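Participant: Sharing start18.pdb here; it has PDB, C-alpha atoms.
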MODEL        1
ATOM      1  CA  MET A 281      20.066 -52.917  24.454
ATOM      2  CA  ALA A 282      20.583 -50.546  21.506
ATOM      3  CA  ASP A 283      19.048 -53.152  19.202
ATOM      4  CA  ASN A 284      15.819 -52.978  21.252
ATOM      5  CA  ALA A 285      15.405 -49.191  21.010
ATOM      6  CA  SER A 286      12.312 -49.500  18.791
ATOM      7  CA  LEU A 287      10.668 -51.942  21.181
ATOM      8  CA  ALA A 288      11.453 -49.709  24.163
ATOM      9  CA  ALA A 289      10.020 -46.710  22.273
ATOM     10  CA  LEU A 290       6.845 -48.700  21.491
ATOM     11  CA  ILE A 291       6.428 -49.638  25.154
ATOM     12  CA  GLU A 292       6.907 -46.012  26.227
ATOM     13  CA  ALA A 293       4.395 -44.852  23.603
ATOM     14  CA  LEU A 294       1.792 -47.360  24.836
ATOM     15  CA  ARG A 295       2.312 -46.145  28.407
ATOM     16  CA  ARG A 296       0.829 -42.791  27.347
ATOM     17  CA  LEU A 297      -2.605 -44.425  27.307
ATOM     18  CA  PRO A 298      -4.665 -43.944  30.487
ATOM     19  CA  GLY A 299      -4.463 -46.855  32.900
ATOM     20  CA  VAL A 300      -1.583 -48.516  31.047
ATOM     21  CA  GLY A 301       1.444 -49.219  33.189
ATOM     22  CA  VAL A 302       4.793 -50.744  32.254
ATOM     23  CA  LYS A 303       3.635 -54.367  32.394
ATOM     24  CA  SER A 304       0.479 -53.767  30.360
ATOM     25  CA  ALA A 305       2.456 -51.778  27.789
ATOM     26  CA  GLN A 306       5.023 -54.575  27.536
ATOM     27  CA  ARG A 307       2.285 -57.185  27.100
ATOM     28  CA  MET A 308       0.677 -55.176  24.298
ATOM     29  CA  ALA A 309       3.985 -54.475  22.569
ATOM     30  CA  PHE A 310       5.115 -58.114  22.784
ATOM     31  CA  HIS A 311       1.744 -59.322  21.517
ATOM     32  CA  LEU A 312       1.803 -56.991  18.527
ATOM     33  CA  MET A 313       5.390 -57.865  17.614
ATOM     34  CA  GLN A 314       5.055 -61.595  18.205
ATOM     35  CA  HIS A 315       1.512 -62.390  17.062
ATOM     36  CA  ASP A 316       0.017 -59.494  15.117
ATOM     37  CA  ARG A 317       2.461 -57.459  13.018
ATOM     38  CA  GLU A 318      -0.336 -56.628  10.553
ATOM     39  CA  GLY A 319      -2.471 -55.419  13.476
ATOM     40  CA  ALA A 320       0.417 -53.179  14.527
ATOM     41  CA  ARG A 321       0.582 -51.717  11.009
ATOM     42  CA  VAL A 322      -3.186 -51.125  10.949
ATOM     43  CA  LEU A 323      -3.001 -49.504  14.391
ATOM     44  CA  SER A 324      -0.120 -47.302  13.242
ATOM     45  CA  ARG A 325      -1.897 -46.132  10.072
ATOM     46  CA  THR A 326      -5.179 -45.573  11.886
ATOM     47  CA  LEU A 327      -3.554 -43.562  14.679
ATOM     48  CA  ALA A 328      -1.675 -41.387  12.180
ATOM     49  CA  SER A 329      -4.829 -40.806  10.149
ATOM     50  CA  ALA A 330      -6.862 -39.914  13.245
ATOM     51  CA  ALA A 331      -4.154 -37.605  14.615
ATOM     52  CA  ASP A 332      -3.982 -35.768  11.291
ATOM     53  CA  GLY A 333      -7.693 -35.764  10.415
ATOM     54  CA  ILE A 334      -9.650 -35.243  13.625
ATOM     55  CA  ARG A 335     -10.278 -31.689  14.789
ATOM     56  CA  HIS A 336     -12.703 -29.812  17.034
ATOM     57  CA  CYS A 337     -16.167 -28.860  15.794
ATOM     58  CA  GLU A 338     -16.380 -25.086  15.383
ATOM     59  CA  ARG A 339     -19.779 -24.985  17.105
ATOM     60  CA  CYS A 340     -19.704 -27.546  19.921
ATOM     61  CA  HIS A 341     -15.985 -28.382  20.262
ATOM     62  CA  THR A 342     -16.406 -32.177  20.026
ATOM     63  CA  PHE A 343     -14.241 -34.329  17.759
ATOM     64  CA  THR A 344     -15.034 -34.365  14.046
ATOM     65  CA  GLU A 345     -13.351 -34.710  10.681
ATOM     66  CA  HIS A 346     -15.213 -31.652   9.352
ATOM     67  CA  GLN A 347     -15.525 -28.010  10.380
ATOM     68  CA  VAL A 348     -18.918 -28.702  11.954
ATOM     69  CA  CYS A 349     -19.920 -32.117  13.340
ATOM     70  CA  ASP A 350     -22.900 -34.178  12.179
ATOM     71  CA  THR A 351     -24.783 -33.574  15.440
ATOM     72  CA  CYS A 352     -24.616 -29.789  15.052
ATOM     73  CA  LEU A 353     -25.747 -30.088  11.421
ATOM     74  CA  ASP A 354     -28.697 -32.386  12.212
ATOM     75  CA  PRO A 355     -31.903 -30.378  11.549
ATOM     76  CA  SER A 356     -33.978 -32.786  13.665
ATOM     77  CA  ARG A 357     -32.141 -31.675  16.825
ATOM     78  CA  ASP A 358     -33.741 -29.180  19.218
ATOM     79  CA  ALA A 359     -31.420 -26.170  18.868
ATOM     80  CA  GLY A 360     -33.106 -24.562  21.893
ATOM     81  CA  LYS A 361     -31.461 -27.052  24.250
ATOM     82  CA  LEU A 362     -27.712 -27.095  24.862
ATOM     83  CA  CYS A 363     -26.171 -29.850  26.988
ATOM     84  CA  VAL A 364     -22.755 -28.984  28.449
ATOM     85  CA  VAL A 365     -20.441 -31.963  29.009
ATOM     86  CA  GLU A 366     -16.787 -32.274  29.960
ATOM     87  CA  THR A 367     -15.555 -34.632  27.232
ATOM     88  CA  PRO A 368     -16.563 -36.288  23.956
ATOM     89  CA  ALA A 369     -16.846 -39.540  25.958
ATOM     90  CA  ASP A 370     -19.466 -37.876  28.174
ATOM     91  CA  GLN A 371     -21.318 -36.679  25.059
ATOM     92  CA  SER A 372     -21.266 -40.226  23.714
ATOM     93  CA  ALA A 373     -22.709 -41.536  26.995
ATOM     94  CA  VAL A 374     -25.597 -39.052  26.849
ATOM     95  CA  GLU A 375     -26.223 -39.951  23.201
ATOM     96  CA  ARG A 376     -26.378 -43.677  23.992
ATOM     97  CA  THR A 377     -29.344 -43.042  26.289
ATOM     98  CA  ALA A 378     -31.410 -41.842  23.289
ATOM     99  CA  ALA A 379     -33.220 -39.602  25.819
ATOM    100  CA  TYR A 380     -31.758 -36.277  24.620
ATOM    101  CA  ARG A 381     -32.272 -34.720  21.177
ATOM    102  CA  GLY A 382     -30.757 -31.270  21.684
ATOM    103  CA  LEU A 383     -27.292 -29.958  20.880
ATOM    104  CA  TYR A 384     -24.051 -30.034  22.879
ATOM    105  CA  PHE A 385     -21.091 -28.005  23.995
ATOM    106  CA  VAL A 386     -18.012 -30.037  24.963
ATOM    107  CA  LEU A 387     -15.689 -28.271  27.415
ATOM    108  CA  MET A 388     -12.731 -30.648  26.857
ATOM    109  CA  GLY A 389     -12.085 -30.523  30.582
ATOM    110  CA  ARG A 390     -13.249 -28.896  33.776
ATOM    111  CA  LEU A 391     -12.078 -26.056  35.971
ATOM    112  CA  SER A 392      -9.093 -27.108  38.049
ATOM    113  CA  PRO A 393      -7.051 -24.131  39.292
ATOM    114  CA  LEU A 394      -4.450 -26.384  40.926
ATOM    115  CA  ASP A 395      -3.734 -27.901  37.489
ATOM    116  CA  GLY A 396      -3.723 -24.506  35.780
ATOM    117  CA  ILE A 397      -7.071 -25.099  34.044
ATOM    118  CA  GLY A 398      -9.174 -21.977  34.177
ATOM    119  CA  PRO A 399     -12.124 -20.516  32.249
ATOM    120  CA  HIS A 400     -10.012 -19.805  29.158
ATOM    121  CA  GLU A 401      -8.702 -23.389  28.873
ATOM    122  CA  ILE A 402     -12.200 -24.901  28.818
ATOM    123  CA  GLY A 403     -13.649 -22.291  26.454
ATOM    124  CA  LEU A 404     -16.153 -20.553  28.721
ATOM    125  CA  LYS A 405     -16.304 -17.439  26.526
ATOM    126  CA  LYS A 406     -17.142 -19.586  23.502
ATOM    127  CA  LEU A 407     -19.787 -21.434  25.549
ATOM    128  CA  PHE A 408     -21.360 -18.174  26.771
ATOM    129  CA  ASP A 409     -21.396 -16.803  23.208
ATOM    130  CA  ARG A 410     -23.056 -19.976  21.949
ATOM    131  CA  ALA A 411     -25.597 -20.120  24.777
ATOM    132  CA  THR A 412     -26.627 -16.480  24.277
ATOM    133  CA  ASP A 413     -27.096 -16.724  20.498
ATOM    134  CA  GLY A 414     -30.841 -16.092  20.811
ATOM    135  CA  VAL A 415     -31.727 -19.671  19.841
ATOM    136  CA  VAL A 416     -30.751 -21.530  23.021
ATOM    137  CA  ARG A 417     -33.520 -21.513  25.646
ATOM    138  CA  GLU A 418     -32.160 -24.024  28.155
ATOM    139  CA  VAL A 419     -28.648 -25.044  29.117
ATOM    140  CA  ILE A 420     -28.346 -28.457  30.757
ATOM    141  CA  LEU A 421     -25.224 -28.803  32.885
ATOM    142  CA  ALA A 422     -24.022 -32.392  32.612
ATOM    143  CA  THR A 423     -20.567 -32.073  34.114
ATOM    144  CA  ASN A 424     -19.389 -34.891  36.351
ATOM    145  CA  PHE A 425     -20.282 -34.997  40.039
ATOM    146  CA  THR A 426     -16.674 -34.521  41.177
ATOM    147  CA  ALA A 427     -15.486 -31.469  43.103
ATOM    148  CA  GLU A 428     -14.089 -29.956  39.887
ATOM    149  CA  GLY A 429     -17.211 -30.860  37.894
ATOM    150  CA  GLU A 430     -19.465 -29.299  40.519
ATOM    151  CA  ALA A 431     -17.346 -26.135  40.611
ATOM    152  CA  THR A 432     -17.428 -25.956  36.810
ATOM    153  CA  ALA A 433     -21.222 -26.374  36.780
ATOM    154  CA  HIS A 434     -21.576 -23.668  39.436
ATOM    155  CA  VAL A 435     -19.450 -21.126  37.547
ATOM    156  CA  ILE A 436     -21.235 -21.824  34.252
ATOM    157  CA  GLY A 437     -24.656 -21.817  35.895
ATOM    158  CA  GLU A 438     -24.121 -18.480  37.618
ATOM    159  CA  GLY A 439     -22.701 -16.927  34.446
ATOM    160  CA  LEU A 440     -25.625 -18.070  32.303
ATOM    161  CA  LYS A 441     -28.362 -17.280  34.825
ATOM    162  CA  SER A 442     -27.058 -13.698  34.981
ATOM    163  CA  ARG A 443     -27.592 -13.568  31.200
ATOM    164  CA  GLY A 444     -31.235 -14.596  31.600
ATOM    165  CA  LEU A 445     -31.003 -18.228  30.469
ATOM    166  CA  GLU A 446     -32.772 -21.203  32.006
ATOM    167  CA  VAL A 447     -30.071 -23.416  33.497
ATOM    168  CA  THR A 448     -30.713 -26.955  34.724
ATOM    169  CA  ARG A 449     -28.420 -29.604  36.210
ATOM    170  CA  LEU A 450     -28.518 -33.366  35.758
ATOM    171  CA  ALA A 451     -30.346 -34.985  38.641
ATOM    172  CA  ARG A 452     -28.451 -37.089  41.143
ATOM    173  CA  GLY A 453     -29.920 -39.967  42.996
ATOM    174  CA  VAL A 454     -29.972 -43.566  44.039
ATOM    175  CA  PRO A 455     -29.162 -45.893  41.113
ATOM    176  CA  ALA A 456     -31.987 -48.166  39.975
ATOM    177  CA  GLY A 457     -31.729 -51.630  41.501
ATOM    178  CA  SER A 458     -29.558 -50.592  44.432
ATOM    179  CA  GLU A 459     -30.251 -50.977  48.144
ATOM    180  CA  LEU A 460     -30.055 -47.874  50.328
ATOM    181  CA  GLU A 461     -27.755 -49.445  52.920
ATOM    182  CA  TYR A 462     -25.056 -49.827  50.232
ATOM    183  CA  VAL A 463     -25.403 -46.360  48.666
ATOM    184  CA  ASP A 464     -22.956 -43.668  49.824
ATOM    185  CA  LEU A 465     -24.375 -41.009  52.126
ATOM    186  CA  GLY A 466     -23.707 -38.117  49.748
ATOM    187  CA  THR A 467     -25.822 -39.759  47.046
ATOM    188  CA  ILE A 468     -28.673 -40.389  49.497
ATOM    189  CA  ALA A 469     -28.497 -36.777  50.728
ATOM    190  CA  HIS A 470     -28.626 -35.392  47.165
ATOM    191  CA  ALA A 471     -31.493 -37.751  46.305
ATOM    192  CA  LEU A 472     -33.477 -36.425  49.272
ATOM    193  CA  VAL A 473     -32.813 -32.782  48.422
ATOM    194  CA  ASP A 474     -33.576 -33.285  44.705
ATOM    195  CA  ARG A 475     -36.616 -35.494  45.276
ATOM    196  CA  ARG A 476     -39.646 -34.987  43.043
TER     197      ARG A 476
ENDMDL
END
Can you dump the structure from the file as structure tokens?
Facilitator:
Amino acid sequence: MADNASLAALIEALRRLPGVGVKSAQRMAFHLMQHDREGARVLSRTLASAADGIRHCERCHTFTEHQVCDTCLDPSRDAGKLCVVETPADQSAVERTAAYRGLYFVLMGRLSPLDGIGPHEIGLKKLFDRATDGVVREVILATNFTAEGEATAHVIGEGLKSRGLEVTRLARGVPAGSELEYVDLGTIAHALVDRR
């Protein structure tokens, strides 16, 4: 099997991707080696370039190739609103709605003491400094509605309210087009409490 060390290494590397098990990694590796060697080379160059060139924005912590991302530099954005999200993927989801024109702060995670992720690891000091810069008027907490996301939103909310900022949380409710009998009870309960 020594002559297959490169293939085994490729399969192991592909397994690092979320949701990719051994069989999926093997399928991808075999496909690239059998049908798309040029695609493998493009993938390799692109991954290396991204790994070397992408960094965190100095202001909002999202991914960028520059010191400050395009969103933070956009003068048409409302600098008085700061939306706090867990990941760049969450930021992208909010952006795709085209309903928000403020700025962001990306935590790159959420509080999870059992995993050793505390306030320092998600940059709470940097967030508090940014939110209290005298420009931000409202902080919108858009962390996920998981136990960790809720705890993160609570800690941030309490910390910012004590500094005199307006803090809001994304609304939760029944998805459009759904029938109540099929919606989980927690969602219905939150929709009732947060009704308007």
Participant: Evaluate the PyMOL selection byres ((chain A and resi 444) around 12) against this structure - the residues, as a ChimeraX atom specification, please.
Facilitator: /A:408,411-412,414,416-419,437-443,445-447
Participant: Pick the closest to Cys340 in chain A from A:Ala293, A:Val415, A:Ala379, A:Val386: which is it, counting only C-alpha atoms?
Facilitator: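 Of the candidates, the smallest distance to Cys340 in chain A is held by A:Val386.
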Participant: Which neighbours of Asp358 in chain A fall inside 9 Å, counting only C-alpha atoms, when residues of the same chain fewer than 4 positions from it are skipped, and could you give them as a ChimeraX atom specification?
Facilitator: /A:362,381-383
Participant: Kindly indicate which residue among A:Gly360, A:His341, A:Glu461, A:His346 lies nearest to Ile402 in chain A, using all atoms listed in the file for the distances.
Facilitator: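 When distances to Ile402 in chain A are compared using all atoms listed in the file, the smallest one comes from A:His341.
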Participant: Interatomic distance between CA of Arg321 in chain A and CA of His336 in chain A?
Facilitator: 26.3 Å
Participant: Can you list what the PyMOL selection byres ((chain A and resi 420-424) around 10) grabs from this structure, as a PyMOL selection string?
Facilitator: chain A and resi 361-367+370-371+374+382+384-387+389-390+418-419+425-434+436-437+446-451
Participant: Would you compute the box with edges along x, y and z of the file around range 405-420 of chain A, including every atom the file lists for it and 6 Å extra on each side, and give its centre and edge lengths in Å to one decimal, as lines of an AutoDock Vina configuration file?
Facilitator:
center_x = -24.9
center_y = -22.3
center_z = 25.3
size_x = 29.2
size_y = 24.4
size_z = 22.9
Participant: Grab the CA of Lys406 in chain A to CA of Val348 in chain A distance for me, in Å with one decimal place.
Facilitator: 14.8 Å
Participant: For Val473 in chain A, which of A:Leu287, A:Leu407, A:Val454, A:Ile397 is the closest residue, counting all atoms listed in the file?
Facilitator: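 For Val473 in chain A, the nearest of the given residues is A:Val454.
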Participant: Please indicate the distance in Å from CA of Thr342 in chain A to CA of Ser372 in chain A, rounded to one decimal place.
Facilitator: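 Those two atoms sit 10.1 Å apart.
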Participant: Nearest to Met313 in chain A among A:Cys352, A:Leu290, A:Ile334, A:Val435, with distances taken over only C-alpha atoms: which residue is it?
Facilitator: A:Leu290
Participant: Around (7.2, -51.6, 28.3) in the file's frame, which residues reach within 8 Å when counting only C-alpha atoms? Return as a short mmCIF file (atom, residue, chain, number, x, y, z; two decimals) with C-alpha atoms, in the coordinates of the input?
Facilitator:
data_model
loop_
_atom_site.label_atom_id
_atom_site.label_comp_id
_atom_site.auth_asym_id
_atom_site.auth_seq_id
_atom_site.Cartn_x
_atom_site.Cartn_y
_atom_site.Cartn_z
CA LEU A 287 10.67 -51.94 21.18
CA ALA A 288 11.45 -49.71 24.16
CA LEU A 290 6.84 -48.70 21.49
CA ILE A 291 6.43 -49.64 25.15
CA GLU A 292 6.91 -46.01 26.23
CA LEU A 294 1.79 -47.36 24.84
CA ARG A 295 2.31 -46.14 28.41
CA GLY A 301 1.44 -49.22 33.19
CA VAL A 302 4.79 -50.74 32.25
CA LYS A 303 3.64 -54.37 32.39
CA SER A 304 0.48 -53.77 30.36
CA ALA A 305 2.46 -51.78 27.79
CA GLN A 306 5.02 -54.58 27.54
CA ARG A 307 2.28 -57.18 27.10
CA ALA A 309 3.98 -54.48 22.57
#
Participant: List the residues selected by the PyMOL selection byres ((chain A and resi 347) around 9) in the file shown, writing them as an NGL selection string.
Facilitator: :A and (335-339 or 344-346 or 348-349)
Participant: Measuring atom to atom with all atoms listed in the file, identify which of A:Leu327, A:Arg452, A:Val300, A:Phe343 is nearest to Ala369 in chain A.
Facilitator: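 Smallest separation from Ala369 in chain A among the options: A:Phe343.
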Participant: Give me the residues within 9 Å of Ala469 in chain A as a PyMOL selection string, counting only C-alpha atoms and dropping any in the same chain fewer than 5 places off.
Facilitator: chain A and resi 453+464+474
